[in-house]
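Step one of this worksheet: look at the structure below.
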Amino acid sequence: MSQSLAEECTPLKRKYDACFNAWFEGYLEPAVSAAASAEQRTKFAQQKAAEFESSCGKIWTEYRACVQKAVKDKGLDAMLDQARAENPLKEPPPPSPADSSRS
């Protein structure tokens, strides 16, 4: 695993990475099958989101706060704001009807 943006954030990053990887492995194991209904997939996703929040949410919040402070301390926040203003994130275009017929 790589280092964080700031050395003081690296222990939190490693802790979060380990938590996320363990959670994600559990997310993939039952790999919601193609036979599962949309309702079953939705329920599974909601359960996994709650599990993630319970297991990794606090660690994520701490790590994110550390990185945000490091971004500000290094003066990168102004560059990020400028980049967001110049190239705002946009919603992806909806799939074309041809794409949905391939499913």
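We label chains A, B, ... in the order they appear in the structure tokens, count residues from 1 in each chain, and number ligands from 1 in the order shown.
Every protein or nucleic acid residue with an atom no more than 9 Å from segment 8-10 of chain A, counting only C-alpha atoms and leaving out same-chain residues fewer than 6 positions away, appears here: Ser2, Tyr63, Arg64, Cys66, Val67 and Ala70 of chain A.
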Report the residues of chain A whose backbone DSSP state falls under alpha helix (DSSP H), written as an MDAnalysis selection string.
chainID A and resid 10:28 38:73 76:86 97:100
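Using only C-alpha atoms for every distance, the candidate list A:Ala6, A:Ala85, A:Met79, A:Cys19 yields A:Cys19 as the residue closest to Lys58 of chain A.
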In terms of only C-alpha atoms, the residue from A:Tyr27, A:Leu5, A:Lys15, A:Gly57 at minimal distance from Asp73 of chain A is A:Leu5
Quick one, how far is atom CA of Gln3 of chain A from atom CA of Lys72 of chain A?
17.9 Å
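Computed from the coordinates, the atom CA of Tyr16 of chain A to atom CA of Ile59 of chain A distance equals 5.8 Å.
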Residues near segment 41-54 of chain A, cut-off 9 Å, only C-alpha atoms, skip fewer than 4 positions along chain, as a ChimeraX atom specification:
/A:19-20,23-24,26-27,32-33,36-37,58,60
I'd like the interatomic distance between atom CA of Asp77 of chain A and atom CA of Thr61 of chain A, to a tenth of an Å.
18.4 Å
